[in-house]
$ cat upload_0.txt   # compact mmCIF, C-alpha atoms
# COMPACT_ATOMS: atom_id res chain seq x y z
CA MET A 1090 0.00 0.00 0.00
CA GLU A 1091 1.26 3.46 -0.85
CA TYR A 1092 1.20 6.10 1.88
CA THR A 1093 1.61 9.83 1.58
CA LYS A 1094 4.58 11.38 3.35
CA PHE A 1095 2.16 12.65 6.00
CA GLU A 1096 0.66 9.21 6.65
CA LYS A 1097 4.14 7.68 6.81
CA ALA A 1098 5.27 10.31 9.32
CA ARG A 1099 2.20 9.72 11.49
CA ILE A 1100 2.66 5.93 11.47
CA ILE A 1101 6.38 6.12 12.25
CA GLY A 1102 5.76 8.72 14.96
CA ALA A 1103 3.08 6.63 16.65
CA ARG A 1104 5.30 3.53 16.61
CA ALA A 1105 8.33 5.53 17.86
CA LEU A 1106 6.25 6.70 20.82
CA GLN A 1107 5.32 3.09 21.61
CA LEU A 1108 8.98 2.07 21.43
CA ALA A 1109 10.03 5.00 23.63
CA TYR A 1110 7.57 3.84 26.28
CA GLY A 1111 8.99 0.32 26.32
CA ALA A 1112 7.19 -1.65 23.60
CA PRO A 1113 9.32 -4.52 22.35
CA PRO A 1114 10.90 -3.98 18.92
CA LEU A 1115 9.63 -6.30 16.18
CA VAL A 1116 12.87 -6.33 14.19
CA LYS A 1117 16.45 -7.01 15.19
CA VAL A 1118 17.88 -3.82 16.66
CA PRO A 1119 21.16 -2.78 15.02
CA ALA A 1120 24.08 -2.41 17.42
CA GLY A 1121 24.29 1.06 18.92
CA MET A 1122 20.82 2.20 17.83
CA ILE A 1123 19.11 4.18 20.57
CA ASN A 1124 16.76 6.47 18.62
CA PRO A 1125 13.18 5.09 18.57
CA ILE A 1126 12.34 7.08 15.42
CA ASP A 1127 15.11 5.34 13.47
CA LEU A 1128 13.97 1.96 14.77
CA ALA A 1129 10.34 2.72 13.86
CA ALA A 1130 11.48 3.70 10.35
CA ILE A 1131 13.25 0.34 9.99
CA GLU A 1132 10.10 -1.45 11.14
CA PHE A 1133 8.07 0.57 8.62
CA ASP A 1134 10.42 -0.34 5.78
CA LYS A 1135 10.20 -4.04 6.72
CA ASP A 1136 6.39 -3.81 7.02
CA ALA A 1137 6.55 -4.96 10.64
CA ILE A 1138 4.62 -2.18 12.38
CA PRO A 1139 1.55 -3.60 14.17
CA ILE A 1140 -0.72 -0.68 13.33
CA THR A 1141 -3.84 -1.11 11.22
CA ILE A 1142 -4.64 1.65 8.76
CA LEU A 1143 -8.23 2.01 7.53
CA LYS A 1144 -8.92 4.00 4.38

$ encode --input "upload_0.txt" --output "structure tokens"
Amino acid sequence: MEYTKFEKARIIGARALQLAYGAPPLVKVPAGMINPIDLAAIEFDKDAIPITILK
């Protein structure tokens, strides 16, 4: 599914907030990565974010 840049930012931001509050990551975390936004972006690219989008 194609998302606009605004939808992508909202999805990554919501997942980054979950990760920042202690949600377990759903992909292998690269060594030294501490930024939840970067990790959420990786999850988005691998289609691993557990958020349902209704259109």

$ residues_around --input "upload_0.txt" --residues "Ile1142 of chain A" --least-positions-apart "5" --cutoff "12 Å" --atoms "only C-alpha atoms" --output "mmCIF file with C-alpha atoms, keeping the file's coordinate frame"
data_model
loop_
_atom_site.group_PDB
_atom_site.id
_atom_site.type_symbol
_atom_site.label_atom_id
_atom_site.label_comp_id
_atom_site.auth_asym_id
_atom_site.auth_seq_id
_atom_site.Cartn_x
_atom_site.Cartn_y
_atom_site.Cartn_z
ATOM 1 C CA MET A 1090 0.000 0.000 0.000
ATOM 2 C CA GLU A 1091 1.260 3.460 -0.850
ATOM 3 C CA TYR A 1092 1.200 6.100 1.880
ATOM 4 C CA GLU A 1096 0.660 9.210 6.650
ATOM 5 C CA LYS A 1097 4.140 7.680 6.810
ATOM 6 C CA ARG A 1099 2.200 9.720 11.490
ATOM 7 C CA ILE A 1100 2.660 5.930 11.470
#

$ closest_residue --input "upload_0.txt" --among "A:Leu1115, A:Ala1129, A:Leu1143, A:Asp1136" --to "Ala1098 of chain A" --atoms "only C-alpha atoms"
A:Ala1129

$ residues_around --input "upload_0.txt" --residues "Ile1131 of chain A" --least-positions-apart "2" --cutoff "12 Å" --atoms "all atoms listed in the file" --output "PyMOL selection string"
chain A and resi 1101+1104-1105+1114-1119+1122+1124-1129+1133-1138

$ atom_distance --input "upload_0.txt" --atom1 "atom CA of Ala1109 of chain A" --atom2 "atom CA of Phe1095 of chain A"
20.8 Å

$ atom_distance --input "upload_0.txt" --atom1 "atom CA of Leu1108 of chain A" --atom2 "atom CA of Gly1121 of chain A"
15.5 Å

$ decode --input "upload_0.txt" --residues "segment 1116-1129 of chain A" --atoms "N, CA and C atoms" --output "compact mmCIF listing (two decimals), in the first residue's frame"
# COMPACT_ATOMS: atom_id res chain seq x y z
N VAL A 1116 11.77 -6.00 15.09
CA VAL A 1116 12.87 -6.33 14.19
C VAL A 1116 14.14 -6.38 15.04
N LYS A 1117 15.18 -6.97 14.47
CA LYS A 1117 16.45 -7.01 15.19
C LYS A 1117 17.03 -5.60 15.25
N VAL A 1118 17.37 -5.18 16.46
CA VAL A 1118 17.88 -3.82 16.66
C VAL A 1118 19.37 -3.78 16.30
N PRO A 1119 19.74 -2.91 15.36
CA PRO A 1119 21.16 -2.78 15.02
C PRO A 1119 21.98 -2.32 16.23
N ALA A 1120 23.21 -2.77 16.30
CA ALA A 1120 24.08 -2.41 17.42
C ALA A 1120 24.24 -0.90 17.50
N GLY A 1121 24.08 -0.36 18.69
CA GLY A 1121 24.29 1.06 18.92
C GLY A 1121 23.09 1.94 18.63
N MET A 1122 22.00 1.39 18.15
CA MET A 1122 20.82 2.20 17.83
C MET A 1122 20.05 2.51 19.11
N ILE A 1123 19.85 3.80 19.37
CA ILE A 1123 19.11 4.18 20.57
C ILE A 1123 17.93 5.09 20.25
N ASN A 1124 17.82 5.55 19.01
CA ASN A 1124 16.76 6.47 18.62
C ASN A 1124 15.51 5.69 18.20
N PRO A 1125 14.39 5.85 18.92
CA PRO A 1125 13.18 5.09 18.57
C PRO A 1125 12.60 5.47 17.21
N ILE A 1126 12.85 6.68 16.74
CA ILE A 1126 12.34 7.08 15.42
C ILE A 1126 13.05 6.29 14.33
N ASP A 1127 14.35 6.13 14.46
CA ASP A 1127 15.11 5.34 13.47
C ASP A 1127 14.65 3.88 13.48
N LEU A 1128 14.41 3.35 14.66
CA LEU A 1128 13.97 1.96 14.77
C LEU A 1128 12.57 1.81 14.17
N ALA A 1129 11.69 2.77 14.43
CA ALA A 1129 10.34 2.72 13.86
C ALA A 1129 10.41 2.81 12.34
